[in-house]
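Dropping structure_20.cif in here (mmCIF, C-alpha atoms):
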```
data_data
#
loop_
_atom_site.label_atom_id
_atom_site.label_comp_id
_atom_site.auth_asym_id
_atom_site.auth_seq_id
_atom_site.Cartn_x
_atom_site.Cartn_y
_atom_site.Cartn_z
CA MET A 1 10.78 7.13 -5.93
CA GLY A 2 9.91 5.14 -9.02
CA ARG A 3 13.15 5.68 -10.90
CA CYS A 4 13.45 3.98 -14.27
CA GLU A 5 16.55 2.00 -15.08
CA VAL A 6 18.12 1.99 -18.51
CA THR A 7 19.10 -1.57 -19.33
CA SER A 8 20.17 -0.84 -22.90
CA HIS A 9 20.02 2.09 -25.27
CA ARG A 10 16.42 1.35 -26.21
CA HIS A 11 14.93 -0.53 -23.28
CA VAL A 12 13.87 1.21 -20.08
CA THR A 13 12.51 -0.86 -17.20
CA ARG A 14 10.05 0.68 -14.82
CA PRO A 15 9.68 -0.37 -11.21
CA THR A 16 7.03 -2.99 -10.59
CA LYS A 17 3.97 -2.19 -8.49
CA THR A 18 5.48 -4.23 -5.67
CA GLN A 19 8.74 -2.26 -5.85
CA ARG A 20 6.78 1.02 -5.80
CA LEU A 21 4.75 -0.20 -2.82
CA ILE A 22 7.89 -1.10 -0.87
CA GLU A 23 9.33 2.36 -1.63
CA LEU A 24 6.14 4.01 -0.34
CA ILE A 25 6.21 1.88 2.82
CA ARG A 26 9.87 2.75 3.45
CA ALA A 27 9.03 6.44 2.97
CA GLY A 28 6.09 6.18 5.37
CA ASP A 29 3.69 7.41 2.67
CA TRP A 30 0.75 5.41 4.02
CA PRO A 31 -2.06 7.07 2.05
CA ARG A 32 -0.36 6.27 -1.27
CA ALA A 33 0.79 2.83 -0.07
CA LEU A 34 -2.76 1.88 0.93
CA SER A 35 -4.14 3.18 -2.38
CA LEU A 36 -1.60 1.21 -4.41
CA ALA A 37 -1.98 -1.98 -2.34
CA ASN A 38 -5.75 -1.70 -2.80
CA THR A 39 -5.20 -2.46 -6.51
CA PHE A 40 -3.34 -5.73 -5.79
CA ARG A 41 -5.31 -8.90 -6.44
CA ARG A 42 -3.44 -11.19 -4.07
CA LEU A 43 -3.18 -9.88 -0.55
CA GLY A 44 -4.15 -13.12 1.15
CA PRO A 45 -5.91 -12.85 4.48
CA HIS A 46 -4.97 -9.14 4.66
CA ARG A 47 -7.04 -8.20 1.63
CA ASP A 48 -10.18 -7.01 3.42
CA THR A 49 -8.19 -5.20 6.12
CA ILE A 50 -6.15 -3.24 3.57
CA ARG A 51 -9.17 -2.41 1.44
CA LEU A 52 -11.20 -1.24 4.42
CA ALA A 53 -8.25 0.87 5.61
CA ARG A 54 -8.05 2.61 2.26
CA GLU A 55 -11.81 3.20 2.16
CA CYS A 56 -11.87 4.53 5.74
CA ARG A 57 -9.04 6.90 4.94
CA VAL A 58 -10.82 8.23 1.86
CA HIS A 59 -14.35 8.34 3.35
CA PRO A 60 -13.96 8.67 7.15
CA ARG A 61 -17.28 10.47 7.77
CA PHE A 62 -19.26 7.71 6.08
CA TYR A 63 -17.54 4.95 8.04
CA ARG A 64 -18.03 6.83 11.33
CA SER A 65 -21.74 7.18 10.47
CA VAL A 66 -22.05 3.37 10.14
CA GLY A 67 -20.23 2.75 13.41
CA ARG A 68 -16.70 2.05 12.16
CA ASP A 69 -13.50 3.52 13.58
CA PRO A 70 -11.64 4.96 10.54
CA GLU A 71 -8.43 5.62 12.47
CA GLY A 72 -8.40 2.10 13.89
CA ALA A 73 -9.13 0.55 10.49
CA THR A 74 -6.36 2.62 8.89
CA ALA A 75 -3.90 1.57 11.60
CA ALA A 76 -4.87 -2.09 11.04
CA GLY A 77 -4.30 -1.68 7.28
CA ILE A 78 -0.88 -0.16 7.87
CA ALA A 79 0.02 -3.04 10.20
CA ALA A 80 -1.13 -5.52 7.54
CA LEU A 81 1.08 -3.84 4.92
CA GLN A 82 4.04 -3.90 7.30
CA GLU A 83 3.48 -7.61 7.88
CA LEU A 84 3.21 -8.40 4.16
CA TYR A 85 6.04 -6.09 3.09
CA PRO A 86 8.41 -5.43 6.00
CA PRO A 87 10.21 -2.10 5.47
CA ASN A 88 13.64 -3.72 5.89
CA ARG A 89 12.92 -6.41 3.28
CA SER A 90 15.08 -6.35 0.15
CA GLN A 91 13.54 -5.39 -3.18
CA PRO A 92 12.09 -8.28 -5.24
#
```
Let me see the structure of the file written as structure tokens.
Amino acid sequence: MGRCEVTSHRHVTRPTKTQRLIELIRAGDWPRALSLANTFRRLGPHRDTIRLARECRVHPRFYRSVGRDPEGATAAGIAALQELYPPNRSQP
């Protein structure tokens, strides 16, 4: 994951955040995918779902104490990521 490409003798390109996210999704690494997606500014209508999923995964006891379902919120965040970035989609 996250391999750099040498485009000339002096210039190395690194994968973009979107490319890294797609790699994490394809690998099924949901904790890291949610954490990375949480840093994106433009997630459209999925923004709150993805952010809550990440928070519920990191702080499940707190969210249970306020009446939230951390597992359900995490599953909803994963579904939102899969909708935004389908695993079979080609790299940007």
Can you list what the PyMOL selection byres ((chain A and resi 49) around 8) grabs from this structure, as a list in words?
-> His46, Arg47, Asp48, Ile50, Arg51, Leu52, Ala53, Ala73, Ala76, Gly77 and Ala80 of chain A
Can you spit out the residues from that selection as a PDB file, in the frame of the given file, using C-alpha atoms?
```
ATOM      1  CA  HIS A  46      -4.970  -9.140   4.660  1.00  0.00           C
ATOM      2  CA  ARG A  47      -7.040  -8.200   1.630  1.00  0.00           C
ATOM      3  CA  ASP A  48     -10.180  -7.010   3.420  1.00  0.00           C
ATOM      4  CA  ILE A  50      -6.150  -3.240   3.570  1.00  0.00           C
ATOM      5  CA  ARG A  51      -9.170  -2.410   1.440  1.00  0.00           C
ATOM      6  CA  LEU A  52     -11.200  -1.240   4.420  1.00  0.00           C
ATOM      7  CA  ALA A  53      -8.250   0.870   5.610  1.00  0.00           C
ATOM      8  CA  ALA A  73      -9.130   0.550  10.490  1.00  0.00           C
ATOM      9  CA  ALA A  76      -4.870  -2.090  11.040  1.00  0.00           C
ATOM     10  CA  GLY A  77      -4.300  -1.680   7.280  1.00  0.00           C
ATOM     11  CA  ALA A  80      -1.130  -5.520   7.540  1.00  0.00           C
TER      12      ALA A  80
END
```
Explicit residues for the PyMOL selection byres ((chain A and resi 21) around 12) (as a VMD selection string) | chain A and resid 1 to 2 15 to 20 22 to 40 81 to 82 84 to 87 89 91 to 92
Could you check how far atom CA of A:Val58 sits from atom CA of A:Thr74, in Å to one decimal?
->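 The value is 10.0 Å.
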As JSON: centre and edge lengths in Å, one decimal, of the axis-aligned box holding stretch 79-84 of chain A with 5 Å per side:
```
{"center_x": 1.5, "center_y": -5.7, "center_z": 7.2, "size_x": 15.2, "size_y": 15.4, "size_z": 16.0}
```
Excluding A:Arg61 and residues on its chain fewer than 6 positions from it, collect all residues at most 12 Å away from it, counting all atoms listed in the file, and give them as a list of chain:residue names.
-> A:Glu55, A:Gly67, A:Arg68, A:Asp69, A:Pro70, A:Glu71
Interatomic distance (Å, one decimal) between atom CA of A:Pro45 and atom CA of A:Gly72 = 17.8 Å
Å distance separating atom CA of A:Ala75 from atom CA of A:Pro60, one decimal place |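 These atoms are spaced 13.1 Å apart.
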